[in-house]
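A.B. asks: File target-v4.pdb follows (PDB, C-alpha atoms):
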ATOM      1  CA  MET A  27      11.860 -31.238  31.167
ATOM      2  CA  SER A  28      14.508 -31.817  33.782
ATOM      3  CA  ILE A  29      18.142 -31.443  32.734
ATOM      4  CA  ARG A  30      20.169 -34.297  34.181
ATOM      5  CA  PHE A  31      23.756 -35.517  33.882
ATOM      6  CA  ASP A  32      23.386 -39.131  34.964
ATOM      7  CA  ASP A  33      26.155 -41.374  33.580
ATOM      8  CA  ARG A  34      28.133 -38.302  32.539
ATOM      9  CA  VAL A  35      31.645 -37.480  33.742
ATOM     10  CA  ALA A  36      32.430 -33.795  34.096
ATOM     11  CA  ILE A  37      35.690 -31.960  34.692
ATOM     12  CA  VAL A  38      35.535 -28.475  36.166
ATOM     13  CA  THR A  39      38.801 -26.544  36.345
ATOM     14  CA  GLY A  40      39.253 -23.919  39.017
ATOM     15  CA  ALA A  41      36.496 -25.609  41.007
ATOM     16  CA  GLY A  42      37.833 -25.032  44.505
ATOM     17  CA  GLY A  43      35.740 -21.909  45.005
ATOM     18  CA  GLY A  44      33.522 -19.321  43.365
ATOM     19  CA  LEU A  45      31.896 -20.189  40.067
ATOM     20  CA  GLY A  46      33.761 -23.471  39.636
ATOM     21  CA  ARG A  47      32.613 -24.750  42.998
ATOM     22  CA  GLU A  48      28.996 -23.901  42.182
ATOM     23  CA  TYR A  49      29.269 -25.622  38.798
ATOM     24  CA  ALA A  50      30.716 -28.756  40.391
ATOM     25  CA  LEU A  51      28.110 -28.920  43.156
ATOM     26  CA  GLU A  52      25.159 -28.511  40.788
ATOM     27  CA  LEU A  53      26.518 -30.977  38.237
ATOM     28  CA  ALA A  54      26.845 -33.528  41.033
ATOM     29  CA  ARG A  55      23.336 -32.787  42.321
ATOM     30  CA  ARG A  56      22.065 -33.546  38.828
ATOM     31  CA  GLY A  57      23.829 -36.881  38.599
ATOM     32  CA  ALA A  58      27.269 -36.180  37.122
ATOM     33  CA  LYS A  59      30.474 -37.674  38.400
ATOM     34  CA  VAL A  60      32.745 -34.675  38.856
ATOM     35  CA  VAL A  61      36.485 -34.096  38.719
ATOM     36  CA  VAL A  62      37.103 -31.059  40.917
ATOM     37  CA  ASN A  63      40.294 -29.500  39.607
ATOM     38  CA  ASP A  64      42.021 -26.693  41.498
ATOM     39  CA  LEU A  65      45.567 -25.792  42.434
ATOM     40  CA  GLY A  66      44.231 -23.975  45.461
ATOM     41  CA  GLY A  67      46.163 -20.773  44.816
ATOM     42  CA  ASP A  68      44.984 -17.209  45.337
ATOM     43  CA  ARG A  69      43.558 -15.063  42.575
ATOM     44  CA  THR A  70      47.037 -14.089  41.363
ATOM     45  CA  GLY A  71      47.944 -17.747  40.874
ATOM     46  CA  THR A  72      50.254 -18.119  43.870
ATOM     47  CA  GLY A  73      50.002 -20.386  46.897
ATOM     48  CA  ALA A  74      48.161 -23.659  47.337
ATOM     49  CA  SER A  75      45.397 -25.190  49.453
ATOM     50  CA  ASP A  76      43.092 -28.188  49.750
ATOM     51  CA  ALA A  77      40.166 -26.283  48.238
ATOM     52  CA  ALA A  78      39.397 -29.026  45.703
ATOM     53  CA  GLN A  79      39.217 -31.731  48.352
ATOM     54  CA  LYS A  80      36.799 -29.663  50.416
ATOM     55  CA  VAL A  81      34.428 -29.404  47.450
ATOM     56  CA  VAL A  82      34.699 -33.164  46.899
ATOM     57  CA  GLU A  83      33.736 -33.692  50.537
ATOM     58  CA  GLU A  84      30.689 -31.455  50.062
ATOM     59  CA  ILE A  85      29.625 -33.466  47.018
ATOM     60  CA  GLU A  86      30.142 -36.807  48.737
ATOM     61  CA  ALA A  87      28.304 -35.645  51.856
ATOM     62  CA  ALA A  88      25.312 -34.945  49.627
ATOM     63  CA  GLY A  89      25.496 -38.420  48.109
ATOM     64  CA  GLY A  90      27.353 -37.532  44.905
ATOM     65  CA  GLN A  91      30.560 -38.832  43.352
ATOM     66  CA  ALA A  92      33.671 -36.719  42.846
ATOM     67  CA  MET A  93      37.434 -36.777  42.862
ATOM     68  CA  ALA A  94      39.881 -33.992  43.649
ATOM     69  CA  ASN A  95      42.626 -33.042  41.232
ATOM     70  CA  GLY A  96      45.389 -30.532  41.902
ATOM     71  CA  ALA A  97      46.897 -30.367  38.417
ATOM     72  CA  SER A  98      47.837 -27.086  36.784
ATOM     73  CA  VAL A  99      46.026 -26.205  33.572
ATOM     74  CA  THR A 100      49.261 -24.647  32.345
ATOM     75  CA  GLU A 101      50.911 -28.103  32.249
ATOM     76  CA  TYR A 102      49.548 -30.154  29.363
ATOM     77  CA  ASP A 103      50.951 -33.458  30.666
ATOM     78  CA  GLN A 104      49.104 -32.900  33.932
ATOM     79  CA  MET A 105      45.864 -32.326  32.038
ATOM     80  CA  VAL A 106      46.400 -35.573  30.112
ATOM     81  CA  GLU A 107      46.916 -37.408  33.393
ATOM     82  CA  MET A 108      43.780 -35.820  34.871
ATOM     83  CA  VAL A 109      41.658 -37.042  31.958
ATOM     84  CA  ALA A 110      43.251 -40.500  32.160
ATOM     85  CA  ARG A 111      42.392 -40.780  35.862
ATOM     86  CA  ALA A 112      38.777 -39.844  35.189
ATOM     87  CA  LYS A 113      38.539 -42.409  32.384
ATOM     88  CA  ASP A 114      40.124 -45.111  34.516
ATOM     89  CA  LYS A 115      37.688 -44.520  37.350
ATOM     90  CA  TRP A 116      34.483 -43.702  35.495
ATOM     91  CA  GLY A 117      34.965 -44.764  31.879
ATOM     92  CA  GLY A 118      35.006 -41.465  30.007
ATOM     93  CA  VAL A 119      34.919 -37.678  30.051
ATOM     94  CA  HIS A 120      31.799 -36.079  28.608
ATOM     95  CA  ILE A 121      31.815 -32.513  29.925
ATOM     96  CA  LEU A 122      34.575 -29.956  30.424
ATOM     97  CA  LEU A 123      34.040 -26.570  32.016
ATOM     98  CA  ASN A 124      37.159 -24.463  31.540
ATOM     99  CA  ASN A 125      36.864 -22.132  34.492
ATOM    100  CA  ALA A 126      40.366 -21.804  35.995
ATOM    101  CA  GLY A 127      41.685 -18.272  35.983
ATOM    102  CA  VAL A 128      43.807 -15.607  37.640
ATOM    103  CA  LEU A 129      44.001 -11.823  37.765
ATOM    104  CA  ARG A 130      47.065  -9.595  37.614
ATOM    105  CA  ASP A 131      45.503  -6.226  36.903
ATOM    106  CA  LYS A 132      47.529  -3.131  36.001
ATOM    107  CA  THR A 133      47.423  -0.549  33.271
ATOM    108  CA  PHE A 134      49.289  -1.684  30.188
ATOM    109  CA  ALA A 135      51.904   1.022  30.791
ATOM    110  CA  LYS A 136      52.758  -0.491  34.179
ATOM    111  CA  MET A 137      52.206  -4.173  33.382
ATOM    112  CA  GLU A 138      55.251  -6.423  33.238
ATOM    113  CA  PRO A 139      55.422  -8.699  30.180
ATOM    114  CA  ALA A 140      55.646 -11.674  32.559
ATOM    115  CA  ASP A 141      52.283 -10.773  34.092
ATOM    116  CA  PHE A 142      50.730 -10.444  30.641
ATOM    117  CA  ALA A 143      52.080 -13.836  29.593
ATOM    118  CA  PHE A 144      51.082 -15.551  32.838
ATOM    119  CA  VAL A 145      47.442 -14.493  32.651
ATOM    120  CA  VAL A 146      47.182 -15.488  28.987
ATOM    121  CA  ASN A 147      48.877 -18.800  29.801
ATOM    122  CA  VAL A 148      46.426 -19.702  32.566
ATOM    123  CA  HIS A 149      43.221 -18.629  30.838
ATOM    124  CA  LEU A 150      43.822 -19.262  27.153
ATOM    125  CA  ILE A 151      46.608 -21.828  26.964
ATOM    126  CA  GLY A 152      45.293 -23.549  30.092
ATOM    127  CA  SER A 153      41.846 -23.968  28.544
ATOM    128  CA  ALA A 154      43.412 -25.222  25.325
ATOM    129  CA  ASN A 155      45.501 -27.721  27.306
ATOM    130  CA  ALA A 156      42.511 -29.115  29.180
ATOM    131  CA  THR A 157      40.421 -29.243  26.019
ATOM    132  CA  LYS A 158      43.132 -30.938  23.984
ATOM    133  CA  ALA A 159      43.605 -33.526  26.741
ATOM    134  CA  ALA A 160      39.898 -34.446  26.572
ATOM    135  CA  TRP A 161      39.352 -33.936  22.845
ATOM    136  CA  GLU A 162      40.259 -37.389  21.522
ATOM    137  CA  THR A 163      38.183 -39.095  24.207
ATOM    138  CA  MET A 164      35.187 -36.977  23.230
ATOM    139  CA  ARG A 165      35.708 -37.796  19.556
ATOM    140  CA  GLU A 166      35.875 -41.526  20.316
ATOM    141  CA  GLN A 167      32.665 -41.280  22.376
ATOM    142  CA  ASN A 168      30.949 -39.167  19.713
ATOM    143  CA  TYR A 169      29.913 -36.928  22.561
ATOM    144  CA  GLY A 170      31.395 -33.889  24.214
ATOM    145  CA  ARG A 171      30.254 -30.665  25.808
ATOM    146  CA  ILE A 172      32.856 -27.955  26.361
ATOM    147  CA  LEU A 173      32.423 -24.543  27.943
ATOM    148  CA  MET A 174      34.996 -21.759  27.668
ATOM    149  CA  THR A 175      34.913 -18.857  30.106
ATOM    150  CA  ALA A 176      35.255 -15.468  28.451
ATOM    151  CA  SER A 177      34.436 -12.125  30.030
ATOM    152  CA  SER A 178      32.860  -8.782  29.255
ATOM    153  CA  THR A 179      36.446  -7.514  29.492
ATOM    154  CA  GLY A 180      37.410  -9.692  26.546
ATOM    155  CA  LEU A 181      34.297  -8.880  24.559
ATOM    156  CA  PHE A 182      34.105  -5.159  25.258
ATOM    157  CA  GLY A 183      37.247  -4.053  27.129
ATOM    158  CA  ASN A 184      37.986  -2.875  30.660
ATOM    159  CA  PHE A 185      40.569  -0.426  31.931
ATOM    160  CA  GLY A 186      43.571  -2.100  33.544
ATOM    161  CA  GLN A 187      42.931  -5.602  32.217
ATOM    162  CA  ALA A 188      44.801  -5.864  28.912
ATOM    163  CA  ASN A 189      46.203  -9.314  29.743
ATOM    164  CA  TYR A 190      42.876 -10.665  30.972
ATOM    165  CA  GLY A 191      40.934  -9.186  28.057
ATOM    166  CA  ALA A 192      43.320 -10.589  25.455
ATOM    167  CA  ALA A 193      43.022 -14.063  26.953
ATOM    168  CA  LYS A 194      39.261 -13.920  27.277
ATOM    169  CA  LEU A 195      38.572 -12.827  23.714
ATOM    170  CA  GLY A 196      40.995 -15.524  22.606
ATOM    171  CA  LEU A 197      38.776 -18.088  24.303
ATOM    172  CA  ALA A 198      35.740 -16.885  22.365
ATOM    173  CA  GLY A 199      37.796 -17.314  19.202
ATOM    174  CA  LEU A 200      38.879 -20.801  20.240
ATOM    175  CA  THR A 201      35.231 -21.746  20.642
ATOM    176  CA  LYS A 202      34.438 -20.569  17.124
ATOM    177  CA  THR A 203      36.892 -22.984  15.551
ATOM    178  CA  LEU A 204      36.386 -25.937  17.880
ATOM    179  CA  TYR A 205      32.614 -25.975  17.376
ATOM    180  CA  LEU A 206      33.286 -26.486  13.662
ATOM    181  CA  GLU A 207      35.909 -29.183  14.168
ATOM    182  CA  GLY A 208      33.856 -31.036  16.770
ATOM    183  CA  ALA A 209      30.492 -30.980  15.034
ATOM    184  CA  LYS A 210      30.787 -34.321  13.228
ATOM    185  CA  ASN A 211      31.522 -36.041  16.557
ATOM    186  CA  ASN A 212      28.661 -34.386  18.466
ATOM    187  CA  ILE A 213      31.035 -32.120  20.384
ATOM    188  CA  LYS A 214      29.357 -28.842  21.216
ATOM    189  CA  VAL A 215      31.463 -25.887  22.310
ATOM    190  CA  ASN A 216      30.166 -22.685  23.852
ATOM    191  CA  THR A 217      31.416 -19.599  25.670
ATOM    192  CA  ILE A 218      30.092 -18.041  28.846
ATOM    193  CA  ALA A 219      30.852 -14.494  29.958
ATOM    194  CA  PRO A 220      29.923 -14.476  33.646
ATOM    195  CA  VAL A 221      29.612 -11.575  36.055
ATOM    196  CA  ALA A 222      29.807 -12.909  39.584
ATOM    197  CA  GLY A 223      30.810 -11.891  43.069
ATOM    198  CA  THR A 224      33.752 -14.167  43.877
ATOM    199  CA  ARG A 225      37.219 -13.778  45.360
ATOM    200  CA  MET A 226      38.306 -12.663  41.876
ATOM    201  CA  THR A 227      35.943  -9.669  42.041
ATOM    202  CA  GLU A 228      35.302  -9.078  45.746
ATOM    203  CA  ASP A 229      37.128  -5.737  45.808
ATOM    204  CA  LEU A 230      35.425  -4.547  42.621
ATOM    205  CA  PHE A 231      31.812  -4.794  43.810
ATOM    206  CA  PRO A 232      30.020  -2.814  46.537
ATOM    207  CA  GLU A 233      28.658  -5.222  49.162
ATOM    208  CA  ALA A 234      25.051  -5.078  47.936
ATOM    209  CA  ALA A 235      26.110  -5.781  44.355
ATOM    210  CA  PHE A 236      28.429  -8.539  45.517
ATOM    211  CA  GLN A 237      25.436 -10.322  47.020
ATOM    212  CA  ALA A 238      23.200  -9.663  44.004
ATOM    213  CA  PHE A 239      25.826 -11.188  41.714
ATOM    214  CA  ALA A 240      26.118 -14.430  43.660
ATOM    215  CA  PRO A 241      27.920 -17.095  41.592
ATOM    216  CA  GLU A 242      25.066 -19.580  41.826
ATOM    217  CA  LYS A 243      23.018 -17.198  39.640
ATOM    218  CA  VAL A 244      25.375 -17.925  36.733
ATOM    219  CA  VAL A 245      25.065 -21.707  37.053
ATOM    220  CA  PRO A 246      21.816 -22.168  35.064
ATOM    221  CA  ALA A 247      23.434 -20.861  31.869
ATOM    222  CA  ALA A 248      26.633 -22.849  32.314
ATOM    223  CA  LEU A 249      24.821 -26.132  32.893
ATOM    224  CA  TYR A 250      22.432 -25.587  29.994
ATOM    225  CA  LEU A 251      25.413 -24.955  27.714
ATOM    226  CA  VAL A 252      26.938 -28.346  28.615
ATOM    227  CA  SER A 253      23.685 -30.295  28.573
ATOM    228  CA  GLU A 254      22.523 -32.969  26.133
ATOM    229  CA  ASP A 255      20.419 -30.525  24.116
ATOM    230  CA  ALA A 256      22.809 -27.575  24.325
ATOM    231  CA  PRO A 257      23.264 -25.195  21.418
ATOM    232  CA  THR A 258      26.766 -24.706  20.033
ATOM    233  CA  ASN A 259      28.959 -21.719  19.137
ATOM    234  CA  GLN A 260      27.098 -19.408  21.495
ATOM    235  CA  ILE A 261      28.465 -16.570  23.626
ATOM    236  CA  VAL A 262      26.211 -16.192  26.647
ATOM    237  CA  GLY A 263      26.438 -13.470  29.258
ATOM    238  CA  ALA A 264      25.217 -14.333  32.745
ATOM    239  CA  GLY A 265      25.024 -12.414  35.983
ATOM    240  CA  ALA A 266      22.576 -11.808  38.843
ATOM    241  CA  GLY A 267      19.997 -14.021  37.134
ATOM    242  CA  VAL A 268      20.115 -12.083  33.852
ATOM    243  CA  PHE A 269      21.114 -14.036  30.742
ATOM    244  CA  GLN A 270      22.223 -12.460  27.472
ATOM    245  CA  ALA A 271      23.513 -13.473  24.055
ATOM    246  CA  SER A 272      26.511 -11.770  22.484
ATOM    247  CA  TYR A 273      27.468 -11.911  18.806
ATOM    248  CA  VAL A 274      30.399 -11.152  16.541
ATOM    249  CA  THR A 275      28.775  -9.457  13.570
ATOM    250  CA  LEU A 276      29.787  -8.253  10.113
ATOM    251  CA  THR A 277      28.338  -5.293   8.216
ATOM    252  CA  PRO A 278      27.519  -5.606   4.503
ATOM    253  CA  GLY A 279      30.336  -3.165   3.777
ATOM    254  CA  LYS A 280      31.087  -0.894   0.841
ATOM    255  CA  LEU A 281      32.911  -1.782  -2.381
ATOM    256  CA  LEU A 282      35.504   0.847  -3.266
ATOM    257  CA  THR A 283      37.004   1.182  -6.758
ATOM    258  CA  GLY A 284      39.065   3.639  -8.743
ATOM    259  CA  ASP A 285      40.211   6.728  -6.871
ATOM    260  CA  ASP A 286      38.048   5.691  -3.910
ATOM    261  CA  LEU A 287      40.220   2.602  -3.374
ATOM    262  CA  SER A 288      42.460   4.632  -1.063
ATOM    263  CA  PRO A 289      42.713   5.727   2.555
ATOM    264  CA  GLU A 290      40.800   8.847   1.545
ATOM    265  CA  GLY A 291      38.057   6.675   0.079
ATOM    266  CA  VAL A 292      37.772   4.671   3.295
ATOM    267  CA  ALA A 293      37.447   7.947   5.193
ATOM    268  CA  LYS A 294      34.857   9.252   2.717
ATOM    269  CA  TYR A 295      32.652   6.181   2.964
ATOM    270  CA  TRP A 296      33.295   5.363   6.619
ATOM    271  CA  ALA A 297      29.653   5.864   7.576
ATOM    272  CA  GLU A 298      28.533   3.350   4.917
ATOM    273  CA  ILE A 299      31.279   0.873   5.824
ATOM    274  CA  THR A 300      30.185   0.879   9.451
ATOM    275  CA  ASP A 301      26.431   1.016   8.818
ATOM    276  CA  ARG A 302      24.989  -1.938  10.739
ATOM    277  CA  SER A 303      21.848  -2.222   8.640
ATOM    278  CA  GLY A 304      21.715  -5.761   7.317
ATOM    279  CA  GLU A 305      24.680  -6.991   9.350
ATOM    280  CA  ILE A 306      25.112 -10.753   9.650
ATOM    281  CA  VAL A 307      26.487 -13.267  12.152
ATOM    282  CA  PRO A 308      28.797 -15.515  10.083
ATOM    283  CA  ASP A 309      28.866 -19.232  10.897
ATOM    284  CA  SER A 310      32.601 -19.323  10.156
ATOM    285  CA  GLY A 311      35.437 -17.162   8.893
ATOM    286  CA  ALA A 312      34.389 -17.960   5.338
ATOM    287  CA  GLY A 313      31.402 -15.666   5.847
ATOM    288  CA  GLN A 314      33.574 -12.593   5.389
ATOM    289  CA  SER A 315      34.918 -13.817   2.034
ATOM    290  CA  MET A 316      31.427 -14.786   0.895
ATOM    291  CA  LEU A 317      30.075 -11.329   1.685
ATOM    292  CA  ILE A 318      32.974  -9.747  -0.221
ATOM    293  CA  GLY A 319      32.201 -12.036  -3.169
ATOM    294  CA  LYS A 320      28.591 -10.924  -3.085
ATOM    295  CA  LYS A 321      29.688  -7.290  -3.258
ATOM    296  CA  LEU A 322      32.000  -8.014  -6.191
ATOM    297  CA  ALA A 323      29.106  -9.688  -7.995
ATOM    298  CA  GLY A 324      27.024  -6.591  -7.573
ATOM    299  CA  GLY A 325      24.968  -7.775  -4.633
TER
END
Just give me the structure of the file as structure tokens.
C.D. replies:
Amino acid sequence: MSIRFDDRVAIVTGAGGGLGREYALELARRGAKVVVNDLGGDRTGTGASDAAQKVVEEIEAAGGQAMANGASVTEYDQMVEMVARAKDKWGGVHILLNNAGVLRDKTFAKMEPADFAFVVNVHLIGSANATKAAWETMREQNYGRILMTASSTGLFGNFGQANYGAAKLGLAGLTKTLYLEGAKNNIKVNTIAPVAGTRMTEDLFPEAAFQAFAPEKVVPAALYLVSEDAPTNQIVGAGAGVFQASYVTLTPGKLLTGDDLSPEGVAKYWAEITDRSGEIVPDSGAGQSMLIGKKLAGG
């Protein structure tokens, strides 16, 4: 079965290079009309260029349809205008890949609050802005596919990236609520945690690894997660052609009563509290309360 995007309109943020560019090119090859959004700045979020227009020219040269957009994801009004332009030209917006991002790495001890806020604003608030701008259109269409971009840093931590990690785990959390709120309107929301050799990571990889982790090797997961038959509420790792699933789990836990209902009791039963035997993957936040209720009922 071939996955196609004919008659679909896709927006890809941060699509002037790296992963976003590869997403945009492959979506167009498979029939989508693509809004290529990029400010054209460097990886710290400064400067500007015509990167988005160059990707549009690549798409058009190959026979596809695309438009460039230089709006900032941090400006909600600009995101609203971007969606409106796509609707005016092509009649709707069906797919959104939230890919725009920046890096301002330092240890937390040396990081300025402004650099923490800026990175969170671009990644987390920026993705929320773009998603909110497209949300009502997707509800009206009874169709939407949204992809958030998390990171192994957000899921598991990485030295020197407190701002980036906080934003990225926030995006996984945003997915977990939006998939619930969008379900009745056939809006599926997923998270990808890519590992790719791009300008964001070029000084972090040895040359051989940089080539092995080419961004196009992430594309298959991203496009599946925004396809017609996509799953929803998934966290998918992708890098170098390897694809993984990541989960937020909950252990059965331990009911403490009497004298054990104390810090000392938590310490005493810590091994049982953290025992992963029988852990679950809740479908929503209510899963935690339900598991507690089961314990109270003697289960």
A.B. asks: For this file, the PyMOL selection byres ((chain A and resi 240) around 9) selects which residues, as a ChimeraX atom specification?
C.D. replies: /A:44-45,221-224,235-239,241-244,265-267
A.B. asks: Go through A:Thr203, A:Ala41, A:Val292, A:Phe269 one by one, measure the shortest atom-to-atom distance of each to Gly311 of chain A using only C-alpha atoms, and give the residue with the smallest value.
C.D. replies: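 Closest candidate: A:Thr203.
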A.B. asks: Would you mind telling me which residue in A:Lys280, A:Arg34, A:Lys132, A:Lys320 lies nearest to Val119 of chain A when using all atoms listed in the file?
C.D. replies: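 Using all atoms listed in the file, Val119 of chain A sits closest to A:Arg34.
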A.B. asks: Between atom CA of Gly57 of chain A and atom CA of Ala88 of chain A, what is the distance in Å, rounded to a tenth?
C.D. replies: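 Taking atom CA of Gly57 of chain A as the start and atom CA of Ala88 of chain A as the end point, the length is 11.3 Å.
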A.B. asks: Pick out the closest residue to Pro308 of chain A from this set: A:Val252, A:Leu281, A:Leu287, A:Leu276. Count all atoms listed in the file.
C.D. replies: A:Leu276
A.B. asks: Could you pull the residues within 12 Å of Pro139 of chain A, counting all atoms listed in the file, minus those fewer than 6 positions along the same chain, as a PDB file with C-alpha atoms, in the coordinates of the input?
C.D. replies:
ATOM      1  CA  ARG A 130      47.065  -9.595  37.614  1.00  0.00           C
ATOM      2  CA  LYS A 132      47.529  -3.131  36.001  1.00  0.00           C
ATOM      3  CA  THR A 133      47.423  -0.549  33.271  1.00  0.00           C
ATOM      4  CA  VAL A 145      47.442 -14.493  32.651  1.00  0.00           C
ATOM      5  CA  VAL A 146      47.182 -15.488  28.987  1.00  0.00           C
ATOM      6  CA  ALA A 188      44.801  -5.864  28.912  1.00  0.00           C
ATOM      7  CA  ASN A 189      46.203  -9.314  29.743  1.00  0.00           C
TER       8      ASN A 189
END
A.B. asks: With distances taken over all atoms listed in the file, which of A:Leu65, A:Ile213, A:Ala248, A:Ile172 is nearest to Leu53 of chain A?
C.D. replies: A:Ala248
A.B. asks: Calculate how many Å separate atom CA of Ala154 of chain A from atom CA of Gly43 of chain A, rounding to one decimal.
C.D. replies: 21.4 Å
A.B. asks: Evaluating the PyMOL selection byres ((chain A and resi 262) around 10) on the displayed file yields which residues, as a PyMOL selection string?
C.D. replies: chain A and resi 175-177+216-220+247-248+251+259-261+263-264+269-273
A.B. asks: Find the residue from A:Gln167, A:Gln187, A:Thr39, A:Ser98 that sits nearest to Asp131 of chain A; use only C-alpha atoms when measuring.
C.D. replies: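 Among A:Gln167, A:Gln187, A:Thr39, A:Ser98, it is A:Gln187 that comes nearest to Asp131 of chain A.
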A.B. asks: Taking (33.2, -1.0, 6.0) in the file's own coordinates, collect the residues within 7 Å, counting only C-alpha atoms, and hand them back as a list in words.
C.D. replies: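 Collected hits near the coordinates: Thr277, Gly279, Lys280, Trp296, Glu298, Ile299 and Thr300 of chain A.
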A.B. asks: List every protein, DNA or RNA residue with an atom no more than 12 Å from (41.0, -33.5, 29.0) in the file's coordinates, counting only C-alpha atoms, and format the result as a PyMOL selection string.
C.D. replies: chain A and resi 35-39+61+63+97+99+101-113+118-124+152-165+170-172
A.B. asks: In Å, with one decimal, what is the gap from atom CA of Lys210 of chain A to atom CA of Asn147 of chain A?
C.D. replies: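 Answer for the atom CA of Lys210 of chain A to atom CA of Asn147 of chain A separation: 29.0 Å.
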A.B. asks: If the PyMOL selection byres ((chain A and resi 32) around 7) were run on this exact file, what residues would it hold? Put them as a PyMOL selection string.
C.D. replies: chain A and resi 30-31+33-34+56-58
A.B. asks: I'd like to know which of A:Val60, A:Tyr49, A:Thr201, A:Gly117 is closest to Glu86 of chain A, using all atoms listed in the file.
C.D. replies: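 Result for the nearest residue to Glu86 of chain A: A:Val60.
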A.B. asks: What are the centre and the three edge lengths of an axis-aligned box that wraps all atoms of segment 294-307 of chain A in the file, given that 4 Å is added to every side, written as AutoDock Vina command-line options and rounded to one decimal in Å?
C.D. replies:
--center_x 28.3 --center_y -2.0 --center_z 7.4 --size_x 21.1 --size_y 30.5 --size_z 17.4
A.B. asks: Skip segment 76-79 of chain A itself and residues of its chain fewer than 3 positions away, then list as a ChimeraX atom specification all residues within 8 Å of it, counting all atoms listed in the file.
C.D. replies: /A:41-43,62-66,82-83,93-96
